[in-house]
$ cat model.tsv   # TSV, C-alpha atoms
chain	number	residue	atom	x	y	z
A	508	MET	CA	120.77	80.98	117.00
A	509	THR	CA	120.90	82.74	120.37
A	510	GLN	CA	118.69	85.82	120.56
A	511	GLU	CA	119.99	88.79	122.53
A	512	SER	CA	117.25	90.48	124.59
A	513	GLU	CA	117.03	93.87	126.24
A	514	ASN	CA	114.48	96.35	127.57
A	515	THR	CA	113.60	99.99	127.06
A	516	ALA	CA	110.56	102.21	127.53
A	517	VAL	CA	109.81	102.99	123.88
A	518	VAL	CA	110.91	101.42	120.61
A	519	ILE	CA	110.54	103.67	117.58
A	520	VAL	CA	110.49	101.88	114.23
A	521	GLY	CA	111.77	104.23	111.53
A	522	GLY	CA	114.43	106.94	111.60
A	523	GLY	CA	112.83	109.63	109.45
A	524	VAL	CA	111.47	113.01	110.50
A	525	ALA	CA	108.65	111.52	112.60
A	526	GLY	CA	110.77	108.96	114.42
A	527	LEU	CA	113.72	111.24	115.05
A	528	THR	CA	111.64	114.10	116.42
A	529	LEU	CA	109.63	111.76	118.64
A	530	GLY	CA	112.85	110.18	119.91
A	531	THR	CA	114.38	113.57	120.64
A	532	PHE	CA	111.28	114.77	122.50
A	533	LEU	CA	111.25	111.62	124.64
A	534	LEU	CA	114.99	111.67	125.29
A	535	ARG	CA	114.86	115.28	126.44
A	536	SER	CA	112.05	114.31	128.82
A	537	GLY	CA	114.02	111.49	130.41
A	538	ILE	CA	112.19	108.66	128.61
A	539	PRO	CA	114.55	105.89	127.38
A	540	CYS	CA	113.96	104.96	123.75
A	541	THR	CA	115.57	103.12	120.86
A	542	ILE	CA	115.14	103.99	117.19
A	543	LEU	CA	115.44	101.15	114.67
A	544	GLU	CA	116.09	102.17	111.06
A	545	LYS	CA	116.43	99.56	108.33
A	546	ARG	CA	118.51	101.75	106.02
A	547	SER	CA	122.13	102.85	106.44
A	548	ARG	CA	122.95	106.26	107.84
A	549	ARG	CA	124.42	107.31	104.52
A	550	TYR	CA	121.21	106.39	102.69
A	551	VAL	CA	118.92	108.15	105.16
A	552	GLU	CA	120.97	111.35	105.24
A	553	ASN	CA	121.11	111.61	101.46
A	554	ARG	CA	117.56	110.55	100.53
A	555	GLN	CA	116.25	113.39	98.35
A	556	ARG	CA	112.79	114.51	99.45
A	557	ALA	CA	110.76	117.68	99.34
A	558	GLY	CA	110.85	119.75	102.49
A	559	SER	CA	108.64	122.41	104.02
A	560	LEU	CA	107.37	123.07	107.52
A	561	ASP	CA	104.37	125.24	108.28
A	562	ALA	CA	104.39	127.71	111.16
A	563	GLY	CA	102.92	125.09	113.47
A	564	GLY	CA	105.74	122.67	112.74
A	565	VAL	CA	108.39	125.32	113.36
A	566	ARG	CA	106.64	126.29	116.61
A	567	ILE	CA	106.73	122.67	117.81
A	568	LEU	CA	110.48	122.46	117.28
A	569	ARG	CA	110.98	125.78	119.04
A	570	GLN	CA	108.90	124.74	122.05
A	571	TRP	CA	111.01	121.61	122.46
A	572	GLY	CA	114.25	123.57	122.15
A	573	ILE	CA	115.47	122.09	118.87
A	574	GLU	CA	114.74	124.91	116.45
A	575	GLU	CA	118.41	124.64	115.45
A	576	VAL	CA	117.51	121.72	113.15
A	577	VAL	CA	115.54	124.12	110.96
A	578	GLU	CA	117.81	127.13	111.33
A	579	GLU	CA	120.69	125.01	110.05
A	580	ALA	CA	118.64	123.19	107.41
A	581	ALA	CA	119.37	125.52	104.51
A	582	GLU	CA	122.50	124.34	102.73
A	583	SER	CA	122.89	127.83	101.30
A	584	PRO	CA	120.89	131.06	101.28
A	585	HIS	CA	119.59	129.95	97.89
A	586	ASP	CA	117.77	127.06	99.56
A	587	ASP	CA	115.47	129.24	101.64
A	588	PRO	CA	113.02	130.95	99.31
A	589	THR	CA	110.66	133.58	100.63
A	590	GLU	CA	107.16	134.14	99.30
A	591	SER	CA	108.46	137.00	97.16
A	592	GLU	CA	110.87	134.60	95.47
A	593	MET	CA	108.18	132.04	94.57
A	594	PRO	CA	106.39	133.31	91.48
A	595	LEU	CA	103.29	131.65	90.12
A	596	LEU	CA	103.05	131.66	86.33
A	597	ILE	CA	99.47	131.57	85.04
A	598	ASP	CA	99.54	130.89	81.30
A	599	GLY	CA	102.99	132.50	81.24
A	600	GLU	CA	101.97	135.60	83.21
A	601	LYS	CA	103.94	136.16	86.41
A	602	ARG	CA	101.78	136.57	89.52
A	603	LEU	CA	102.89	136.83	93.13
A	604	TRP	CA	101.37	135.05	96.06
A	605	LYS	CA	99.55	137.14	98.62
A	606	MET	CA	101.80	137.97	101.53
A	607	GLY	CA	100.14	137.17	104.83
A	608	GLY	CA	101.18	136.65	108.42
A	609	SER	CA	101.27	133.16	109.81
A	610	GLY	CA	98.87	134.05	112.61
A	611	ASP	CA	101.05	131.94	114.90
A	612	ASP	CA	102.81	134.36	117.23
A	613	GLU	CA	105.01	135.62	114.42
A	614	VAL	CA	106.44	132.17	113.80
A	615	SER	CA	107.16	131.73	110.10
A	616	SER	CA	107.09	128.62	107.98
A	617	ALA	CA	110.40	127.16	106.86
A	618	PHE	CA	111.61	125.71	103.57
A	619	CYS	CA	114.06	122.93	104.39
A	620	PRO	CA	115.05	119.96	102.20
A	621	GLN	CA	114.01	116.86	104.09
A	622	GLN	CA	117.38	115.17	103.84
A	623	VAL	CA	119.05	118.16	105.52
A	624	LEU	CA	116.45	118.27	108.29
A	625	VAL	CA	116.95	114.53	108.87
A	626	ARG	CA	120.71	115.00	108.95
A	627	ASN	CA	120.36	117.69	111.61
A	628	LEU	CA	117.87	115.66	113.64
A	629	ILE	CA	120.25	112.69	113.64
A	630	LYS	CA	123.05	114.93	114.88
A	631	VAL	CA	120.93	116.33	117.72
A	632	PHE	CA	119.55	112.92	118.76
A	633	LEU	CA	123.00	111.32	118.90
A	634	ARG	CA	124.48	114.37	120.59
A	635	ASP	CA	121.85	114.00	123.32
A	636	GLY	CA	122.92	110.39	123.84
A	637	GLY	CA	120.20	108.75	121.79
A	638	ASP	CA	120.19	105.08	120.78
A	639	LEU	CA	119.82	104.99	116.99
A	640	ARG	CA	120.46	101.68	115.23
A	641	PHE	CA	120.86	101.78	111.46
A	642	GLU	CA	120.68	98.73	109.19
A	643	SER	CA	118.20	96.94	111.45
A	644	GLU	CA	116.78	94.23	109.21
A	645	ASP	CA	113.72	91.94	109.40
A	646	ILE	CA	111.94	94.09	111.97
A	647	CYS	CA	108.93	92.30	113.47
A	648	LEU	CA	106.45	93.59	116.04
A	649	ASP	CA	105.11	90.97	118.46
A	650	GLY	CA	102.49	91.31	121.15
A	651	VAL	CA	101.50	94.90	120.41
A	652	GLY	CA	97.96	94.04	121.48
A	653	THR	CA	99.23	92.97	124.92
A	654	ALA	CA	100.88	94.78	127.83
A	655	SER	CA	104.30	93.34	126.89
A	656	PRO	CA	105.21	94.12	123.26
A	657	VAL	CA	108.50	92.90	121.81
A	658	VAL	CA	110.26	94.24	118.73
A	659	ARG	CA	112.56	91.73	117.03
A	660	TYR	CA	115.17	92.45	114.36
A	661	ARG	CA	118.57	91.49	113.02
A	662	ASP	CA	121.51	93.81	113.56
A	663	PRO	CA	124.15	94.52	110.86
A	664	THR	CA	126.11	91.42	111.90
A	665	GLY	CA	123.06	89.22	111.31
A	666	SER	CA	122.52	88.55	115.02
A	667	ALA	CA	118.92	88.20	116.20
A	668	ARG	CA	117.89	90.87	118.70
A	669	ALA	CA	114.73	91.47	120.74
A	670	ILE	CA	113.70	94.56	122.67
A	671	SER	CA	110.89	94.43	125.23
A	672	CYS	CA	109.20	97.78	125.80
A	673	ASP	CA	106.12	99.57	127.10
A	674	ILE	CA	105.26	101.44	123.88
A	675	VAL	CA	105.96	100.91	120.17
A	676	ALA	CA	105.86	103.88	117.80
A	677	GLY	CA	105.49	102.95	114.13
A	678	SER	CA	107.09	105.73	112.12
A	679	ASP	CA	108.49	103.69	109.24
A	680	GLY	CA	106.46	105.27	106.46
A	681	TYR	CA	103.74	104.14	104.11
A	682	HIS	CA	105.61	100.99	103.03
A	683	GLY	CA	106.86	100.08	106.50
A	684	VAL	CA	106.07	96.99	108.58
A	685	SER	CA	104.54	98.69	111.62
A	686	ARG	CA	101.06	99.12	110.20
A	687	THR	CA	100.91	95.44	109.23
A	688	ALA	CA	100.92	94.56	112.95
A	689	ILE	CA	97.35	95.91	113.20
A	690	PRO	CA	94.80	93.18	112.33
A	691	ASP	CA	93.02	93.61	109.00
A	692	ASP	CA	89.63	93.54	110.68
A	693	VAL	CA	90.64	96.51	112.84
A	694	LEU	CA	92.46	98.80	110.40
A	695	ARG	CA	90.45	100.91	107.96
A	696	CYS	CA	91.76	102.84	104.97
A	697	ALA	CA	90.20	105.86	103.27
A	698	THR	CA	91.72	106.91	99.94
A	699	HIS	CA	91.13	109.71	97.44
A	700	GLU	CA	92.64	109.51	93.96
A	701	PHE	CA	92.88	112.89	92.23
A	702	GLY	CA	92.90	111.39	88.75
A	703	TYR	CA	96.24	112.76	87.61
A	704	ALA	CA	99.91	112.26	88.40
A	705	TRP	CA	103.14	114.17	88.69
A	706	LEU	CA	106.11	113.28	86.56
A	707	THR	CA	108.80	114.03	89.14
A	708	ILE	CA	112.31	114.63	87.85
A	709	LEU	CA	115.59	115.16	89.71
A	710	ALA	CA	117.92	117.29	87.58
A	711	GLU	CA	121.49	118.38	88.19
A	712	VAL	CA	120.70	122.03	87.61
A	713	PRO	CA	120.13	124.87	90.09
A	714	ALA	CA	116.69	126.44	90.40
A	715	ASP	CA	116.66	130.20	89.87
A	716	PRO	CA	114.45	131.44	91.45
A	717	PRO	CA	114.51	128.68	94.05
A	718	ALA	CA	110.83	127.85	93.58
A	719	THR	CA	108.61	128.44	90.55
A	720	MET	CA	105.14	127.03	89.93
A	721	ALA	CA	103.02	127.29	86.82
A	722	VAL	CA	99.37	126.80	85.89
A	723	HIS	CA	98.96	126.25	82.15
A	724	THR	CA	96.37	124.85	79.77
A	725	ARG	CA	98.72	121.85	79.36
A	726	GLY	CA	98.81	121.27	83.12
A	727	PHE	CA	100.64	122.16	86.33
A	728	ALA	CA	104.45	122.48	86.40
A	729	ALA	CA	107.09	123.44	88.95
A	730	GLN	CA	110.81	123.67	89.57
A	731	ILE	CA	111.93	123.56	93.22
A	732	THR	CA	115.48	123.79	94.54
A	733	ARG	CA	117.11	120.73	96.06
A	734	GLY	CA	120.41	122.37	96.86
A	735	PRO	CA	122.89	124.64	95.07
A	736	GLU	CA	123.35	122.23	92.16
A	737	ALA	CA	120.07	120.31	91.90
A	738	SER	CA	116.35	120.83	91.53
A	739	ARG	CA	113.13	118.88	91.29
A	740	LEU	CA	110.92	119.34	88.25
A	741	TYR	CA	107.23	118.48	88.35
A	742	LEU	CA	104.88	118.05	85.40
A	743	GLN	CA	101.21	117.12	85.71
A	744	CYS	CA	100.45	114.14	83.51
A	745	PRO	CA	97.89	111.32	83.15
A	746	VAL	CA	98.23	108.50	85.66
A	747	THR	CA	98.61	106.13	82.69
A	748	ASP	CA	101.83	107.80	81.51
A	749	SER	CA	105.16	105.99	81.85
A	750	VAL	CA	108.65	107.43	82.16
A	751	GLU	CA	109.47	105.97	78.74
A	752	GLN	CA	107.02	108.47	77.25
A	753	TRP	CA	109.05	111.31	78.72
A	754	PRO	CA	112.57	111.48	77.22
A	755	ASP	CA	114.76	114.28	78.52
A	756	ASP	CA	114.22	116.57	75.54
A	757	ARG	CA	110.45	116.34	75.93
A	758	ILE	CA	110.70	117.19	79.64
A	759	TRP	CA	112.64	120.39	79.06
A	760	ALA	CA	110.42	121.41	76.14
A	761	GLU	CA	107.26	120.86	78.17
A	762	LEU	CA	108.63	122.80	81.13
A	763	GLU	CA	109.42	125.72	78.82
A	764	THR	CA	105.92	125.61	77.34
A	765	ARG	CA	104.20	125.62	80.72
A	766	PHE	CA	106.50	128.29	82.16
A	767	GLY	CA	106.10	130.42	79.04
A	768	TYR	CA	109.78	131.23	78.58
A	769	PRO	CA	113.02	129.45	77.60
A	770	ILE	CA	114.88	127.54	80.31
A	771	GLU	CA	118.39	128.95	80.04
A	772	VAL	CA	120.18	126.39	82.21
A	773	LYS	CA	119.51	122.71	81.54
A	774	GLY	CA	121.43	119.83	83.01
A	775	PRO	CA	121.57	116.06	83.32
A	776	ILE	CA	118.40	114.36	84.51
A	777	VAL	CA	119.26	111.88	87.25
A	778	SER	CA	115.89	110.24	87.85
A	779	LYS	CA	112.24	110.40	86.86
A	780	GLN	CA	109.09	108.78	88.20
A	781	VAL	CA	105.35	108.98	87.61
A	782	VAL	CA	103.60	109.53	90.97
A	783	PRO	CA	99.78	109.50	91.11
A	784	LEU	CA	98.45	112.22	93.42
A	785	ARG	CA	96.28	110.92	96.24
A	786	GLY	CA	95.37	111.24	99.88
A	787	VAL	CA	95.32	108.26	102.25
A	788	VAL	CA	94.26	108.00	105.89
A	789	PHE	CA	94.45	104.85	108.02
A	790	SER	CA	92.47	104.51	111.20
A	791	PRO	CA	92.73	103.88	114.04
A	792	MET	CA	96.27	105.17	114.53
A	793	SER	CA	96.58	103.12	117.73
A	794	TYR	CA	96.23	99.43	118.45
A	795	GLY	CA	97.14	98.20	121.92
A	796	ARG	CA	100.65	99.47	122.66
A	797	LEU	CA	101.36	100.37	119.01
A	798	HIS	CA	100.87	103.94	117.79
A	799	LEU	CA	101.37	105.00	114.16
A	800	VAL	CA	103.15	108.27	113.40
A	801	GLY	CA	103.49	110.27	110.16
A	802	ASP	CA	103.36	108.55	106.78
A	803	ALA	CA	102.73	105.18	108.42
A	804	ALA	CA	99.25	106.52	109.17
A	805	HIS	CA	98.55	108.96	106.35
A	806	LEU	CA	99.68	110.32	103.01
A	807	ILE	CA	98.76	113.83	101.92
A	808	SER	CA	98.91	115.42	98.48
A	809	PRO	CA	102.44	116.78	97.91
A	810	MET	CA	100.85	119.97	96.57
A	811	SER	CA	100.04	120.86	100.19
A	812	ALA	CA	103.67	120.58	101.38
A	813	GLU	CA	102.20	119.32	104.68
A	814	GLY	CA	103.78	115.89	105.03
A	815	MET	CA	106.56	116.84	107.44
A	816	SER	CA	104.31	119.16	109.43
A	817	LEU	CA	101.77	116.36	109.91
A	818	ALA	CA	104.57	114.07	111.08
A	819	LEU	CA	105.76	116.65	113.62
A	820	HIS	CA	102.21	117.11	114.93
A	821	ASP	CA	101.82	113.35	115.44
A	822	ALA	CA	105.23	113.13	117.12
A	823	GLU	CA	104.45	115.89	119.61
A	824	VAL	CA	101.02	114.55	120.50
A	825	LEU	CA	102.44	111.06	121.04
A	826	ALA	CA	105.44	112.35	123.00
A	827	ARG	CA	103.24	114.22	125.47
A	828	ALA	CA	100.95	111.20	125.78
A	829	VAL	CA	103.83	108.79	126.44
A	830	ILE	CA	105.40	111.14	128.99
A	831	ALA	CA	102.11	111.43	130.87
A	832	TYR	CA	101.69	107.66	130.83
A	833	LEU	CA	105.19	106.68	131.90
A	834	ASP	CA	105.86	109.52	134.35
A	835	LYS	CA	102.40	109.99	135.86
A	836	ASP	CA	100.64	106.69	135.09
A	837	ASP	CA	98.06	108.75	133.19
A	838	ALA	CA	96.88	106.89	130.08
A	839	SER	CA	94.20	109.39	129.06
A	840	LEU	CA	96.28	111.13	126.38
A	841	LEU	CA	97.42	107.82	124.92
A	842	GLU	CA	93.81	106.68	124.72
A	843	LYS	CA	92.94	109.89	122.84
A	844	TYR	CA	96.04	109.86	120.60
A	845	SER	CA	94.37	108.37	117.53
A	846	ASP	CA	91.30	110.60	117.67
A	847	THR	CA	93.39	113.72	118.34
A	848	CYS	CA	95.70	113.10	115.40
A	849	LEU	CA	92.94	111.98	113.04
A	850	ASP	CA	90.95	115.16	113.70
A	851	HIS	CA	94.01	117.22	112.77
A	852	THR	CA	94.82	115.02	109.79
A	853	TRP	CA	91.37	115.38	108.26
A	854	GLN	CA	91.52	119.15	108.63
A	855	ARG	CA	94.82	119.22	106.74
A	856	GLN	CA	93.53	116.73	104.14
A	857	ALA	CA	90.59	119.04	103.45
A	858	ALA	CA	92.93	121.97	102.85
A	859	ALA	CA	95.21	119.81	100.70
A	860	VAL	CA	92.35	118.67	98.47
A	861	TRP	CA	91.27	122.28	97.94
A	862	MET	CA	94.78	123.46	97.07
A	863	THR	CA	95.54	120.47	94.83
A	864	GLN	CA	92.33	120.82	92.86
A	865	THR	CA	92.76	124.59	92.57
A	866	MET	CA	96.28	124.32	91.14
A	867	HIS	CA	95.53	121.41	88.80
A	868	ASP	CA	91.95	121.90	87.70
A	869	ALA	CA	92.78	125.53	86.79
A	870	GLY	CA	95.04	124.32	84.00
A	871	ASP	CA	94.28	121.46	81.65
A	872	PRO	CA	90.46	121.07	81.33
A	873	SER	CA	90.78	117.58	79.85
A	874	TYR	CA	90.90	116.15	83.39
A	875	GLU	CA	87.85	117.72	85.05
A	876	GLY	CA	86.20	119.88	82.38
A	877	GLU	CA	85.77	123.57	81.63
A	878	PHE	CA	83.34	124.25	84.50
A	879	ARG	CA	85.80	122.97	87.12
A	880	LYS	CA	88.58	124.87	85.39
A	881	GLN	CA	86.77	128.18	85.73
A	882	VAL	CA	85.87	127.48	89.36
A	883	ALA	CA	89.52	126.68	90.06
A	884	ARG	CA	90.63	129.88	88.30
A	885	ALA	CA	88.31	131.88	90.53
A	886	ASN	CA	89.74	130.16	93.62
A	887	LEU	CA	93.27	130.77	92.35
A	888	GLU	CA	92.65	134.51	92.22
A	889	THR	CA	92.05	134.50	95.99
A	890	LEU	CA	95.63	133.31	96.50
A	891	VAL	CA	97.55	135.81	94.37
A	892	GLN	CA	98.02	139.55	94.33
A	893	PRO	CA	95.91	141.55	91.87
A	894	ARG	CA	97.52	142.14	88.49
A	895	THR	CA	97.88	145.85	89.20
A	896	THR	CA	100.32	145.13	92.04
A	897	ALA	CA	101.80	141.79	91.09
A	898	GLY	CA	104.36	143.14	88.67
A	899	SER	CA	105.43	141.62	85.40
$ encode --input "model.tsv" --output "structure tokens"
Amino acid sequence: MTQESENTAVVIVGGGVAGLTLGTFLLRSGIPCTILEKRSRRYVENRQRAGSLDAGGVRILRQWGIEEVVEEAAESPHDDPTESEMPLLIDGEKRLWKMGGSGDDEVSSAFCPQQVLVRNLIKVFLRDGGDLRFESEDICLDGVGTASPVVRYRDPTGSARAISCDIVAGSDGYHGVSRTAIPDDVLRCATHEFGYAWLTILAEVPADPPATMAVHTRGFAAQITRGPEASRLYLQCPVTDSVEQWPDDRIWAELETRFGYPIEVKGPIVSKQVVPLRGVVFSPMSYGRLHLVGDAAHLISPMSAEGMSLALHDAEVLARAVIAYLDKDDASLLEKYSDTCLDHTWQRQAAAVWMTQTMHDAGDPSYEGEFRKQVARANLETLVQPRTTAGS
């Protein structure tokens, strides 16, 4: 079969938050790029995922002139909870988080469902004239260790295609193909297993308030909005649990127990999954002309809500490095890309481990024992307002 060939400066594998932001940054800097996404546009724009950006992530979007993707991310006012609307229930007692400034030039964090952010990023990238190819199958990276990498794939018609480029950005997530192009004797993986899991549930029921978290002797629990008619429920459970052990009635009963009050509005449960909590970091994040971005290089505990912010940090660092290399023939930033991003990643991993252990060890002592529970309770008190001012 005849293979159609073409050339561009950068091929980005993966059309999620990392790939789309990187593509937009490059496009706005005059760097030609092509994004290959194996899924359909409909699938990508409707993939339900958690969403939160820290102040640094919002600042990055603002500096590149695309803050509109966050400002338009809330599907309704109910999807944008403030700290005052996010109670923490400790053994049924309502506590409020401490209100503090971001310390980032008055830039605030943003709560934005990932599918809405992706939808807005797609709109901006295509509006700017970007080349985004959905349903690109059988993606294969060749020659990334040489000066002439080629990315091969099949388009929706089944035709074989090949794109020669200067740089390949692997932003296709933890299960993507990009990372597999790095030889096994080069790539290292560091993993931390927390020893417990989340039962994650998508329910067709609104969250009111839009975000509630609970620490209870039976374990952590939460309900987070996913739009005006849906929410995600989270229940800490042993990693050995299966979804069959959690029928719908048990889920609602356990959520009520850990929240400490009846759940007035219950609805159909669409999906459930047991997800072990862990942190993963791959290194190096660069090999030859291939550079990993976002979840392709690292996973962080979902308790930290840092996944999208880490992806944006990687995308900006790589964008500036690629621009310097292609516009000024300066490879110094590209050579430092892996070390720069790994330094930042480990800082965020450290914070994520602290927060995850604080929120989970403070509840059910059967996981880590009474000593760790009391230490976690003491740490938890540093995050919430004193009882005298927290309200009931």
$ residues_around --input "model.tsv" --residues "Val860 in chain A" --least-positions-apart "5" --cutoff "10 Å" --atoms "only C-alpha atoms" --output "number ranges by chain"
A: 699, 701, 785-786, 807-808, 810-811, 855, 865
$ atom_distance --input "model.tsv" --atom1 "CA of Val576 in chain A" --atom2 "CA of Glu736 in chain A"
21.8 Å
$ closest_residue --input "model.tsv" --among "A:Arg548, A:Lys779, A:Lys630, A:Lys843" --to "Leu740 in chain A" --atoms "all atoms listed in the file"
A:Lys779
$ residues_around --input "model.tsv" --residues "Met862 in chain A" --least-positions-apart "5" --cutoff "12 Å" --atoms "all atoms listed in the file" --output "list in words"
Phe701, Ile807, Ser808, Pro809, Met810, Ser811, Ala812, Glu813, Arg855, Gln856, Ala857, His867, Asp868, Ala869, Ala883, Arg884, Asn886, Leu887, Thr889 and Leu890 of chain A
$ residues_around --input "model.tsv" --residues "Ile708 in chain A" --least-positions-apart "2" --cutoff "7 Å" --atoms "all atoms listed in the file" --output "list of chain:residue names"
A:Leu706, A:Ala710, A:Arg739, A:Leu740, A:Tyr741, A:Ile776, A:Ser778, A:Lys779, A:Gln780
$ write_last_selection --input "model.tsv" --atoms "C-alpha atoms" --output "PDB file, keeping the file's coordinate frame"
ATOM      1  CA  LEU A 706     106.110 113.280  86.560  1.00  0.00           C
ATOM      2  CA  ALA A 710     117.920 117.290  87.580  1.00  0.00           C
ATOM      3  CA  ARG A 739     113.130 118.880  91.290  1.00  0.00           C
ATOM      4  CA  LEU A 740     110.920 119.340  88.250  1.00  0.00           C
ATOM      5  CA  TYR A 741     107.230 118.480  88.350  1.00  0.00           C
ATOM      6  CA  ILE A 776     118.400 114.360  84.510  1.00  0.00           C
ATOM      7  CA  SER A 778     115.890 110.240  87.850  1.00  0.00           C
ATOM      8  CA  LYS A 779     112.240 110.400  86.860  1.00  0.00           C
ATOM      9  CA  GLN A 780     109.090 108.780  88.200  1.00  0.00           C
TER      10      GLN A 780
END
